[in-house]
file target.pdb (PDB, C-alpha atoms)
ATOM      1  CA  MET F   1      12.529 -14.739-102.943
ATOM      2  CA  LEU F   2      13.608 -13.533 -99.496
ATOM      3  CA  ILE F   3      14.821 -10.042 -98.659
ATOM      4  CA  PRO F   4      17.269  -9.731 -95.736
ATOM      5  CA  HIS F   5      15.565  -6.908 -93.843
ATOM      6  CA  PRO F   6      18.211  -5.158 -91.697
ATOM      7  CA  LEU F   7      15.884  -5.059 -88.670
ATOM      8  CA  LEU F   8      13.632  -8.092 -89.103
ATOM      9  CA  GLY F   9      15.730 -10.705 -90.859
ATOM     10  CA  ALA F  10      14.718 -12.680 -93.949
ATOM     11  CA  ARG F  11      11.253 -11.666 -95.161
ATOM     12  CA  ASP F  12       9.075 -12.818 -98.035
ATOM     13  CA  ALA F  13       9.522 -10.540-101.080
ATOM     14  CA  GLN F  14       5.713 -10.539-101.477
ATOM     15  CA  GLU F  15       5.515  -8.264 -98.435
ATOM     16  CA  PHE F  16       7.438  -5.608-100.377
ATOM     17  CA  THR F  17       6.600  -3.295-103.220
ATOM     18  CA  TYR F  18       9.244  -2.194-105.681
ATOM     19  CA  LEU F  19       9.834   1.427-106.611
ATOM     20  CA  GLY F  20      12.953   1.503-108.758
ATOM     21  CA  ASP F  21      16.504   2.801-109.000
ATOM     22  CA  ALA F  22      17.910   4.027-105.660
ATOM     23  CA  SER F  23      19.213   7.130-107.473
ATOM     24  CA  LEU F  24      15.657   8.470-106.927
ATOM     25  CA  MET F  25      16.858   9.372-103.432
ATOM     26  CA  ASP F  26      19.244  11.952-104.899
ATOM     27  CA  ARG F  27      16.767  14.602-105.991
ATOM     28  CA  PRO F  28      18.445  17.556-107.739
ATOM     29  CA  ASP F  29      18.366  20.984-106.150
ATOM     30  CA  PRO F  30      15.410  22.846-107.733
ATOM     31  CA  ASN F  31      17.244  26.153-107.248
ATOM     32  CA  GLY F  32      20.531  24.922-108.661
ATOM     33  CA  PRO F  33      21.914  25.852-112.081
ATOM     34  CA  GLU F  34      20.400  23.878-114.978
ATOM     35  CA  ALA F  35      17.724  22.572-112.588
ATOM     36  CA  GLU F  36      15.353  21.887-115.459
ATOM     37  CA  ALA F  37      17.813  19.638-117.265
ATOM     38  CA  ALA F  38      18.790  17.958-114.017
ATOM     39  CA  PHE F  39      15.129  17.222-113.236
ATOM     40  CA  CYS F  40      14.563  15.947-116.756
ATOM     41  CA  ASP F  41      17.347  13.403-116.202
ATOM     42  CA  TYR F  42      16.105  12.640-112.691
ATOM     43  CA  VAL F  43      12.542  11.940-113.813
ATOM     44  CA  PHE F  44      13.128  10.192-117.143
ATOM     45  CA  LEU F  45      16.612   8.700-117.332
ATOM     46  CA  ARG F  46      17.587   5.437-115.671
ATOM     47  CA  ASP F  47      20.553   3.143-116.004
ATOM     48  CA  ASN F  48      19.495  -0.372-116.915
ATOM     49  CA  PRO F  49      22.473  -2.462-115.849
ATOM     50  CA  ALA F  50      22.809  -6.192-116.424
ATOM     51  CA  GLY F  51      24.369  -6.982-113.076
ATOM     52  CA  VAL F  52      24.518  -5.284-109.694
ATOM     53  CA  HIS F  53      21.755  -2.719-109.183
ATOM     54  CA  ARG F  54      20.758  -0.644-106.156
ATOM     55  CA  GLU F  55      17.014  -0.183-105.889
ATOM     56  CA  LEU F  56      14.296   1.041-103.534
ATOM     57  CA  TRP F  57      11.895  -1.443-101.983
ATOM     58  CA  PHE F  58       9.067  -0.589 -99.565
ATOM     59  CA  HIS F  59       8.153  -3.059 -96.821
ATOM     60  CA  GLU F  60       4.471  -2.368 -97.372
ATOM     61  CA  GLN F  61       3.006  -5.383 -95.589
ATOM     62  CA  GLY F  62       5.616  -5.216 -92.869
ATOM     63  CA  ASP F  63       7.157  -2.390 -90.907
ATOM     64  CA  ARG F  64       6.653   0.148 -93.727
ATOM     65  CA  SER F  65      10.316   1.062 -93.952
ATOM     66  CA  TRP F  66      12.057   1.906 -97.202
ATOM     67  CA  LEU F  67      15.051  -0.255 -98.027
ATOM     68  CA  VAL F  68      17.908   0.117-100.460
ATOM     69  CA  VAL F  69      18.300  -3.414-101.828
ATOM     70  CA  THR F  70      21.344  -4.406-103.845
ATOM     71  CA  ARG F  71      20.315  -7.007-106.411
ATOM     72  CA  ASP F  72      21.996  -8.723-109.315
ATOM     73  CA  THR F  73      19.568  -8.211-112.192
ATOM     74  CA  VAL F  74      21.047 -11.182-114.077
ATOM     75  CA  THR F  75      20.782 -13.827-111.344
ATOM     76  CA  HIS F  76      18.177 -12.107-109.093
ATOM     77  CA  GLU F  77      20.553 -12.710-106.206
ATOM     78  CA  ILE F  78      19.930 -10.255-103.356
ATOM     79  CA  LEU F  79      23.349  -9.032-102.246
ATOM     80  CA  GLY F  80      22.264  -6.853 -99.338
ATOM     81  CA  ALA F  81      19.677  -4.501 -97.897
ATOM     82  CA  GLU F  82      19.989  -1.319 -95.865
ATOM     83  CA  LEU F  83      17.450   1.071 -94.373
ATOM     84  CA  ALA F  84      17.066   3.925 -96.849
ATOM     85  CA  ARG F  85      17.080   6.462 -94.038
ATOM     86  CA  ASP F  86      20.471   5.180 -92.865
ATOM     87  CA  VAL F  87      21.784   5.463 -96.436
ATOM     88  CA  LYS F  88      20.470   9.020 -96.689
ATOM     89  CA  ARG F  89      21.851  10.043 -93.290
ATOM     90  CA  GLY F  90      25.191   8.392 -94.073
ATOM     91  CA  ALA F  91      25.402  10.418 -97.283
ATOM     92  CA  GLN F  92      24.697  13.663 -95.431
ATOM     93  CA  THR F  93      27.419  13.291 -92.777
TER      94      THR F  93
ATOM     95  CA  MET C  94     -33.006  10.055 -80.531
ATOM     96  CA  THR C  95     -32.172   6.841 -82.381
ATOM     97  CA  ASP C  96     -31.396   3.971 -80.083
ATOM     98  CA  LEU C  97     -28.001   2.665 -81.168
ATOM     99  CA  THR C  98     -26.995  -0.906 -80.383
ATOM    100  CA  PRO C  99     -23.280  -1.573 -80.035
ATOM    101  CA  VAL C 100     -22.042  -4.527 -82.096
ATOM    102  CA  THR C 101     -18.665  -6.233 -82.201
ATOM    103  CA  ALA C 102     -16.428  -6.144 -85.276
ATOM    104  CA  LEU C 103     -18.043  -9.378 -86.468
ATOM    105  CA  GLY C 104     -21.491  -7.828 -86.215
ATOM    106  CA  ALA C 105     -22.919  -9.628 -83.190
ATOM    107  CA  SER C 106     -23.840  -8.391 -79.733
ATOM    108  CA  THR C 107     -21.360 -10.758 -78.104
ATOM    109  CA  ALA C 108     -17.819 -11.728 -79.094
ATOM    110  CA  ARG C 109     -17.518 -14.736 -81.392
ATOM    111  CA  ARG C 110     -15.716 -17.848 -80.214
ATOM    112  CA  GLU C 111     -15.203 -21.082 -82.132
ATOM    113  CA  SER C 112     -13.221 -24.216 -81.402
ATOM    114  CA  PHE C 113     -11.570 -26.526 -83.909
ATOM    115  CA  GLY C 114      -9.909 -29.527 -82.288
ATOM    116  CA  PRO C 115      -7.174 -28.177 -80.022
ATOM    117  CA  LEU C 116      -7.501 -24.593 -81.307
ATOM    118  CA  THR C 117      -9.939 -21.995 -80.025
ATOM    119  CA  ILE C 118     -10.406 -18.703 -81.861
ATOM    120  CA  THR C 119     -11.871 -15.810 -79.877
ATOM    121  CA  GLU C 120     -12.795 -12.281 -80.827
ATOM    122  CA  VAL C 121     -11.558  -9.848 -78.146
ATOM    123  CA  PRO C 122     -13.700  -6.712 -78.393
ATOM    124  CA  ASP C 123     -12.535  -4.675 -75.398
ATOM    125  CA  VAL C 124      -8.891  -3.858 -76.142
ATOM    126  CA  GLY C 125      -7.917  -0.187 -76.271
ATOM    127  CA  LEU C 126      -5.310   0.512 -78.957
ATOM    128  CA  ALA C 127      -3.166   3.529 -79.740
ATOM    129  CA  SER C 128      -0.120   3.936 -81.934
ATOM    130  CA  LEU C 129       2.875   5.784 -80.573
ATOM    131  CA  ALA C 130       5.582   7.334 -82.745
ATOM    132  CA  LEU C 131       8.602   9.400 -81.809
ATOM    133  CA  ARG C 132       9.370  12.762 -83.295
ATOM    134  CA  GLN C 133      12.820  13.034 -84.860
ATOM    135  CA  GLY C 134      15.538  12.842 -82.212
ATOM    136  CA  GLN C 135      13.058  12.352 -79.363
ATOM    137  CA  ALA C 136      13.989  10.172 -76.385
ATOM    138  CA  VAL C 137      12.100   6.878 -75.977
ATOM    139  CA  PRO C 138       9.403   7.229 -73.275
ATOM    140  CA  THR C 139       8.292   4.513 -70.825
ATOM    141  CA  PRO C 140       4.468   4.610 -71.022
ATOM    142  CA  PHE C 141       2.753   2.612 -68.234
ATOM    143  CA  GLY C 142       6.244   1.640 -67.045
ATOM    144  CA  LEU C 143       6.887  -0.345 -70.248
ATOM    145  CA  THR C 144      10.322  -0.564 -71.808
ATOM    146  CA  LEU C 145       9.300  -0.150 -75.436
ATOM    147  CA  PRO C 146      10.516  -3.236 -77.290
ATOM    148  CA  ALA C 147      13.171  -3.691 -79.967
ATOM    149  CA  PRO C 148      12.267  -4.474 -83.620
ATOM    150  CA  GLY C 149      10.088  -7.561 -83.951
ATOM    151  CA  ARG C 150       9.394  -7.795 -80.214
ATOM    152  CA  ALA C 151       6.523  -7.234 -77.769
ATOM    153  CA  VAL C 152       6.375  -6.554 -74.026
ATOM    154  CA  THR C 153       3.542  -7.106 -71.578
ATOM    155  CA  GLY C 154       3.019  -4.955 -68.495
ATOM    156  CA  LYS C 155       0.458  -4.831 -65.715
ATOM    157  CA  THR C 156      -2.007  -2.397 -67.257
ATOM    158  CA  ALA C 157      -0.821  -2.208 -70.856
ATOM    159  CA  SER C 158       1.423  -3.915 -73.355
ATOM    160  CA  ALA C 159       3.319  -2.759 -76.421
ATOM    161  CA  PHE C 160       4.715  -4.152 -79.636
ATOM    162  CA  TRP C 161       7.083  -2.741 -82.238
ATOM    163  CA  THR C 162       5.439  -1.744 -85.534
ATOM    164  CA  GLY C 163       8.222   0.140 -87.319
ATOM    165  CA  PRO C 164      11.348   2.225 -86.684
ATOM    166  CA  ASP C 165      10.515   4.508 -83.713
ATOM    167  CA  GLN C 166       6.899   3.297 -83.755
ATOM    168  CA  TRP C 167       4.927   1.057 -81.443
ATOM    169  CA  MET C 168       1.356  -0.021 -80.838
ATOM    170  CA  ILE C 169       0.152   0.221 -77.240
ATOM    171  CA  GLU C 170      -2.578  -2.173 -76.105
ATOM    172  CA  GLY C 171      -4.821  -1.592 -73.095
ATOM    173  CA  PRO C 172      -6.784  -4.761 -72.307
ATOM    174  CA  GLY C 173     -10.288  -3.933 -71.082
ATOM    175  CA  GLN C 174      -9.951  -0.298 -72.170
ATOM    176  CA  GLY C 175     -11.823  -0.532 -75.453
ATOM    177  CA  GLU C 176     -14.480   1.923 -74.319
ATOM    178  CA  ALA C 177     -12.110   4.380 -72.640
ATOM    179  CA  ASP C 178     -10.294   7.249 -74.350
ATOM    180  CA  PHE C 179      -7.171   5.099 -74.460
ATOM    181  CA  ALA C 180      -5.199   7.398 -76.777
ATOM    182  CA  ALA C 181      -5.574  10.223 -74.234
ATOM    183  CA  ARG C 182      -4.131   7.952 -71.538
ATOM    184  CA  VAL C 183      -1.199   7.006 -73.758
ATOM    185  CA  ARG C 184      -0.646  10.688 -74.562
ATOM    186  CA  ASP C 185      -0.442  11.439 -70.827
ATOM    187  CA  GLU C 186       2.060   8.606 -70.389
ATOM    188  CA  ALA C 187       4.236   9.656 -73.338
ATOM    189  CA  PRO C 188       4.317  13.466 -73.398
ATOM    190  CA  GLY C 189       5.310  15.009 -76.708
ATOM    191  CA  CYS C 190       5.029  11.776 -78.716
ATOM    192  CA  ILE C 191       2.729  11.312 -81.699
ATOM    193  CA  VAL C 192      -0.193   9.259 -80.414
ATOM    194  CA  THR C 193      -3.097   8.166 -82.595
ATOM    195  CA  GLU C 194      -6.278   6.403 -81.570
ATOM    196  CA  GLN C 195      -6.479   2.905 -83.155
ATOM    197  CA  THR C 196      -9.117   1.122 -81.043
ATOM    198  CA  ASP C 197     -11.855   1.343 -83.648
ATOM    199  CA  GLY C 198      -9.489   0.591 -86.530
ATOM    200  CA  PHE C 199      -8.614  -2.954 -85.535
ATOM    201  CA  VAL C 200     -10.077  -6.141 -84.193
ATOM    202  CA  VAL C 201      -8.085  -8.443 -81.937
ATOM    203  CA  VAL C 202      -8.482 -12.191 -82.488
ATOM    204  CA  GLU C 203      -6.917 -14.529 -79.984
ATOM    205  CA  ILE C 204      -5.972 -18.100 -80.915
ATOM    206  CA  THR C 205      -5.230 -20.523 -78.114
ATOM    207  CA  SER C 206      -4.142 -24.130 -78.240
ATOM    208  CA  ASP C 207      -4.809 -26.678 -75.495
ATOM    209  CA  ALA C 208      -2.257 -29.083 -76.975
ATOM    210  CA  GLY C 209       0.903 -26.981 -76.771
ATOM    211  CA  ALA C 210       2.708 -25.130 -79.546
ATOM    212  CA  ALA C 211       2.387 -27.699 -82.352
ATOM    213  CA  PRO C 212      -1.206 -27.001 -83.560
ATOM    214  CA  LEU C 213      -0.575 -23.246 -83.410
ATOM    215  CA  GLU C 214       2.638 -23.529 -85.421
ATOM    216  CA  ALA C 215       0.912 -25.776 -87.957
ATOM    217  CA  LEU C 216      -1.762 -23.084 -88.372
ATOM    218  CA  MET C 217       0.922 -20.409 -88.847
ATOM    219  CA  GLU C 218       2.664 -22.504 -91.484
ATOM    220  CA  MET C 219      -0.572 -22.629 -93.483
ATOM    221  CA  LEU C 220      -1.396 -18.934 -93.167
ATOM    222  CA  VAL C 221       1.712 -16.757 -93.026
ATOM    223  CA  ASN C 222       5.223 -16.821 -94.392
ATOM    224  CA  VAL C 223       6.877 -16.302 -91.011
ATOM    225  CA  ASP C 224       9.120 -19.002 -89.585
ATOM    226  CA  PRO C 225       7.233 -20.422 -86.551
ATOM    227  CA  GLY C 226      10.524 -21.822 -85.230
ATOM    228  CA  THR C 227      12.004 -18.358 -84.704
ATOM    229  CA  PHE C 228       8.660 -16.658 -84.000
ATOM    230  CA  GLY C 229       8.643 -17.564 -80.298
ATOM    231  CA  PRO C 230       6.938 -15.993 -77.279
ATOM    232  CA  GLY C 231       7.536 -12.239 -77.142
ATOM    233  CA  GLN C 232       7.833 -11.889 -80.928
ATOM    234  CA  ALA C 233       5.499  -9.586 -82.868
ATOM    235  CA  THR C 234       5.432  -8.696 -86.528
ATOM    236  CA  ARG C 235       3.288  -7.289 -89.280
ATOM    237  CA  THR C 236       2.814  -9.554 -92.276
ATOM    238  CA  ALA C 237       0.310 -10.733 -94.884
ATOM    239  CA  MET C 238      -2.329 -13.415 -94.302
ATOM    240  CA  HIS C 239      -4.612 -14.255 -97.238
ATOM    241  CA  HIS C 240      -3.605 -10.881 -98.771
ATOM    242  CA  LEU C 241      -4.733  -9.103 -95.579
ATOM    243  CA  THR C 242      -2.183  -7.136 -93.613
ATOM    244  CA  VAL C 243      -2.171  -8.333 -90.025
ATOM    245  CA  PHE C 244      -0.161  -7.896 -86.856
ATOM    246  CA  LEU C 245       0.864 -11.228 -85.372
ATOM    247  CA  LEU C 246       1.823 -11.522 -81.719
ATOM    248  CA  ARG C 247       3.117 -14.692 -80.148
ATOM    249  CA  ARG C 248       1.985 -14.067 -76.574
ATOM    250  CA  ALA C 249       2.999 -17.526 -75.337
ATOM    251  CA  GLU C 250       3.949 -20.930 -76.741
ATOM    252  CA  ASP C 251       0.259 -21.802 -77.029
ATOM    253  CA  ARG C 252      -1.217 -18.352 -77.624
ATOM    254  CA  LEU C 253      -1.190 -16.192 -80.749
ATOM    255  CA  SER C 254      -2.966 -12.886 -81.333
ATOM    256  CA  VAL C 255      -3.934 -11.530 -84.715
ATOM    257  CA  LEU C 256      -4.755  -7.843 -85.112
ATOM    258  CA  VAL C 257      -6.526  -7.105 -88.341
ATOM    259  CA  MET C 258      -8.165  -4.004 -89.760
ATOM    260  CA  ARG C 259     -11.700  -3.940 -88.416
ATOM    261  CA  SER C 260     -13.445  -3.784 -91.790
ATOM    262  CA  PHE C 261     -11.663  -7.035 -92.718
ATOM    263  CA  ALA C 262     -12.771  -8.828 -89.551
ATOM    264  CA  ARG C 263     -15.019 -11.294 -91.394
ATOM    265  CA  ALA C 264     -12.422 -12.063 -94.073
ATOM    266  CA  ALA C 265      -9.771 -12.681 -91.417
ATOM    267  CA  TRP C 266     -12.143 -14.846 -89.379
ATOM    268  CA  HIS C 267     -12.942 -16.837 -92.497
ATOM    269  CA  ALA C 268      -9.234 -17.422 -93.178
ATOM    270  CA  LEU C 269      -8.521 -18.500 -89.602
ATOM    271  CA  ALA C 270     -11.618 -20.648 -89.110
ATOM    272  CA  GLU C 271     -11.348 -22.398 -92.503
ATOM    273  CA  THR C 272      -7.695 -23.271 -91.939
ATOM    274  CA  ALA C 273      -8.123 -24.312 -88.307
ATOM    275  CA  GLY C 274     -11.203 -26.352 -89.268
ATOM    276  CA  ARG C 275      -9.363 -28.129 -92.073
ATOM    277  CA  GLN C 276      -6.531 -28.905 -89.680
ATOM    278  CA  ALA C 277      -8.913 -30.397 -87.106
ATOM    279  CA  ARG C 278     -10.547 -32.726 -89.652
TER     280      ARG C 278
END
call {"tool": "encode", "arguments": {"input": "target.pdb", "output": "structure tokens"}}
result
Amino acid sequence: MLIPHPLLGARDAQEFTYLGDASLMDRPDPNGPEAEAAFCDYVFLRDNPAGVHRELWFHEQGDRSWLVVTRDTVTHEILGAELARDVKRGAQT
Amino acid sequence: MTDLTPVTALGASTARRESFGPLTITEVPDVGLASLALRQGQAVPTPFGLTLPAPGRAVTGKTASAFWTGPDQWMIEGPGQGEADFAARVRDEAPGCIVTEQTDGFVVVEITSDAGAAPLEALMEMLVNVDPGTFGPGQATRTAMHHLTVFLLRRAEDRLSVLVMRSFARAAWHALAETAGRQAR
């Protein structure tokens, strides 16, 4: 399986380690209302879609950047990859 | 006082060198190394007059060279400066950047071919999952070789450098020598 790294091109998936759902990037505000319930959901609850899924991959044996990879969990087709920091910055502006 | 004897990463008093057909593998013990990273929003410096390279690339200058290791991160190499305080020199050349000494963390292994690019590319095909066709001169990347993380630098058509963590020097040498030896048979 090859992952289309946004900076380095197609790279062997073995160079990467998988973390999980990209929603992990959206950590709830610990001072917000109902923070405890929000954190409970954040830590324990995940969607488990059969189909398109956005997930975090770490290029551990590469340039050590975090990627948000869009993958079809049914076909294992990789639909795209972005730098996680660009995703995060894009969400902030 | 104990008399300490300096040894190379492979444990000998002189650098190891072995030839297998057209390929020669050489341990290069005297390269000064330092990593350079930018702080958030910092402008890119030009240490030793080098234009720090784009992702996946390397540049060679008169006194030092550099290759990209990650977003806003580079490794600076100072040939012949293995015994100097190379990180301090890099720090002077790149004020305000995050500079970390790496000389003692890595060993540089140089692979040269006296029969052009073909034997070198055949060796790469056996060892790493990087396309030798697109990995031309001036390319540099970090990848896995026999489960070891290595930096690969294509310095020329017939010259490849491998930077591996120093404590894995013997394992990396074993991987390179076994594969090159098998190829020469």
call {"tool": "closest_atom_pairs", "arguments": {"input": "target.pdb", "of": "range 243-267 of chain C", "to": "range 50-67 of chain F", "cutoff": "12 Å", "atoms": "all atoms listed in the file", "output": "CSV"}}
result
residue,atom,partner,partner_atom,distance
C:Val243,CA,F:Gln61,CA,8.2
C:Phe244,CA,F:Gly62,CA,8.8
C:Leu245,CA,F:Gly62,CA,10.7
call {"tool": "closest_residue", "arguments": {"input": "target.pdb", "among": "F:Met1, F:Leu24, F:Leu7, F:Ala84", "to": "chain C", "atoms": "only C-alpha atoms"}}
result
F:Leu7
call {"tool": "resolve_selection", "arguments": {"input": "target.pdb", "expression": "the PyMOL selection byres ((chain C and resi 266) around 12)", "output": "PyMOL selection string"}}
result
chain C and resi 102-103+109-111+117-120+200-204+238-239+241+243+255-265+267-274
call {"tool": "interface_residues", "arguments": {"input": "target.pdb", "of": "chain C", "to": "chain F", "cutoff": "10 Å", "atoms": "only C-alpha atoms", "output": "MDAnalysis selection string"}}
result
chainID C and resid 147:150 161:164 166 221:224 234:238 240:244
call {"tool": "residues_around", "arguments": {"input": "target.pdb", "residues": "Asp207 in chain C", "least_positions_apart": "5", "cutoff": "10 Å", "atoms": "all atoms listed in the file", "output": "list in words"}}
result
Gly114, Pro115, Leu116, Thr117, Pro212, Leu213, Asp251 and Arg252 of chain C
call {"tool": "write_last_selection", "arguments": {"input": "target.pdb", "atoms": "C-alpha atoms", "output": "short mmCIF file (atom, residue, chain, number, x, y, z; two decimals), in the frame of the given file"}}
result
data_model
loop_
_atom_site.label_atom_id
_atom_site.label_comp_id
_atom_site.auth_asym_id
_atom_site.auth_seq_id
_atom_site.Cartn_x
_atom_site.Cartn_y
_atom_site.Cartn_z
CA GLY C 114 -9.91 -29.53 -82.29
CA PRO C 115 -7.17 -28.18 -80.02
CA LEU C 116 -7.50 -24.59 -81.31
CA THR C 117 -9.94 -22.00 -80.03
CA PRO C 212 -1.21 -27.00 -83.56
CA LEU C 213 -0.57 -23.25 -83.41
CA ASP C 251 0.26 -21.80 -77.03
CA ARG C 252 -1.22 -18.35 -77.62
#
call {"tool": "residues_around", "arguments": {"input": "target.pdb", "residues": "Gly189 in chain C", "least_positions_apart": "4", "cutoff": "10 Å", "atoms": "only C-alpha atoms", "output": "PyMOL selection string"}}
result
chain C and resi 130-132+135-136+138+184-185
call {"tool": "resolve_selection", "arguments": {"input": "target.pdb", "expression": "the PyMOL selection byres ((chain F and resi 76) around 12)", "output": "PyMOL selection string"}}
result
chain F and resi 1-3+13+50-53+69-75+77-80
call {"tool": "closest_residue", "arguments": {"input": "target.pdb", "among": "F:Pro33, F:Val68, F:Ala91, F:Phe44", "to": "Pro4 in chain F", "atoms": "all atoms listed in the file"}}
result
F:Val68
call {"tool": "closest_residue", "arguments": {"input": "target.pdb", "among": "C:Leu220, C:Ala157, C:Ile191, C:Met94", "to": "Gly125 in chain C", "atoms": "only C-alpha atoms"}}
result
C:Ala157
call {"tool": "resolve_selection", "arguments": {"input": "target.pdb", "expression": "the PyMOL selection byres ((chain C and resi 152) around 12)", "output": "VMD selection string"}}
result
chain C and resid 139 to 151 153 to 161 167 to 170 230 to 233 246 to 249
call {"tool": "atom_distance", "arguments": {"input": "target.pdb", "atom1": "CA of Pro188 in chain C", "atom2": "CA of Arg85 in chain F"}}
result
25.3 Å
call {"tool": "atom_distance", "arguments": {"input": "target.pdb", "atom1": "CA of Asn48 in chain F", "atom2": "CA of Gly20 in chain F"}}
result
10.6 Å
call {"tool": "atom_distance", "arguments": {"input": "target.pdb", "atom1": "CA of Leu216 in chain C", "atom2": "CA of Ala277 in chain C"}}
result
10.3 Å
call {"tool": "axis_aligned_box", "arguments": {"input": "target.pdb", "around": "range 57-75 of chain F", "padding_each_side": "3 Å", "output": "lines of an AutoDock Vina configuration file"}}
result
center_x = 12.5
center_y = -6.0
center_z = -102.5
size_x = 25.0
size_y = 21.7
size_z = 29.2
call {"tool": "decode", "arguments": {"input": "target.pdb", "residues": "range 148-207 of chain C", "atoms": "C-alpha atoms", "output": "tab-separated table (two decimals), in the first residue's frame"}}
result
chain	number	residue	atom	x	y	z
C	148	PRO	CA	11.47	18.62	0.79
C	149	GLY	CA	13.32	15.51	-0.35
C	150	ARG	CA	16.36	17.45	-1.58
C	151	ALA	CA	19.99	18.06	-0.59
C	152	VAL	CA	22.49	20.82	-1.40
C	153	THR	CA	26.27	20.76	-1.29
C	154	GLY	CA	28.37	23.83	-0.53
C	155	LYS	CA	32.07	24.52	-0.16
C	156	THR	CA	32.45	23.91	3.56
C	157	ALA	CA	29.15	22.25	4.45
C	158	SER	CA	26.12	20.62	2.92
C	159	ALA	CA	22.51	20.22	4.00
C	160	PHE	CA	19.57	17.94	3.41
C	161	TRP	CA	15.89	18.21	4.27
C	162	THR	CA	14.72	15.96	7.12
C	163	GLY	CA	11.21	17.24	7.82
C	164	PRO	CA	9.03	20.36	7.58
C	165	ASP	CA	11.26	23.29	8.65
C	166	GLN	CA	14.05	20.87	9.59
C	167	TRP	CA	17.38	20.08	8.00
C	168	MET	CA	20.56	18.18	8.78
C	169	ILE	CA	23.80	20.09	8.23
C	170	GLU	CA	26.92	18.10	7.35
C	171	GLY	CA	30.47	19.37	7.82
C	172	PRO	CA	32.92	17.03	6.09
C	173	GLY	CA	36.16	16.73	8.06
C	174	GLN	CA	34.61	18.43	11.10
C	175	GLY	CA	33.82	15.32	13.12
C	176	GLU	CA	36.12	16.35	15.95
C	177	ALA	CA	35.13	20.02	16.00
C	178	ASP	CA	32.21	21.52	17.92
C	179	PHE	CA	30.21	21.55	14.70
C	180	ALA	CA	26.86	22.37	16.34
C	181	ALA	CA	28.39	25.57	17.75
C	182	ARG	CA	29.50	26.57	14.25
C	183	VAL	CA	26.03	25.89	12.85
C	184	ARG	CA	24.51	27.90	15.71
C	185	ASP	CA	26.74	30.85	14.78
C	186	GLU	CA	25.66	30.53	11.14
C	187	ALA	CA	21.94	30.27	11.95
C	188	PRO	CA	21.24	32.62	14.87
C	189	GLY	CA	18.06	31.89	16.79
C	190	CYS	CA	17.44	28.48	15.20
C	191	ILE	CA	17.19	25.23	17.14
C	192	VAL	CA	20.50	23.46	16.57
C	193	THR	CA	21.33	20.06	18.04
C	194	GLU	CA	24.61	18.19	17.92
C	195	GLN	CA	24.25	14.92	15.92
C	196	THR	CA	27.86	13.98	15.11
C	197	ASP	CA	28.08	11.19	17.66
C	198	GLY	CA	24.55	9.96	16.95
C	199	PHE	CA	25.14	8.81	13.39
C	200	VAL	CA	27.60	7.04	11.18
C	201	VAL	CA	28.02	7.98	7.53
C	202	VAL	CA	28.54	5.14	5.05
C	203	GLU	CA	29.44	6.02	1.50
C	204	ILE	CA	28.70	3.65	-1.39
C	205	THR	CA	30.41	4.30	-4.69
C	206	SER	CA	30.11	2.49	-7.99
C	207	ASP	CA	32.83	2.38	-10.64
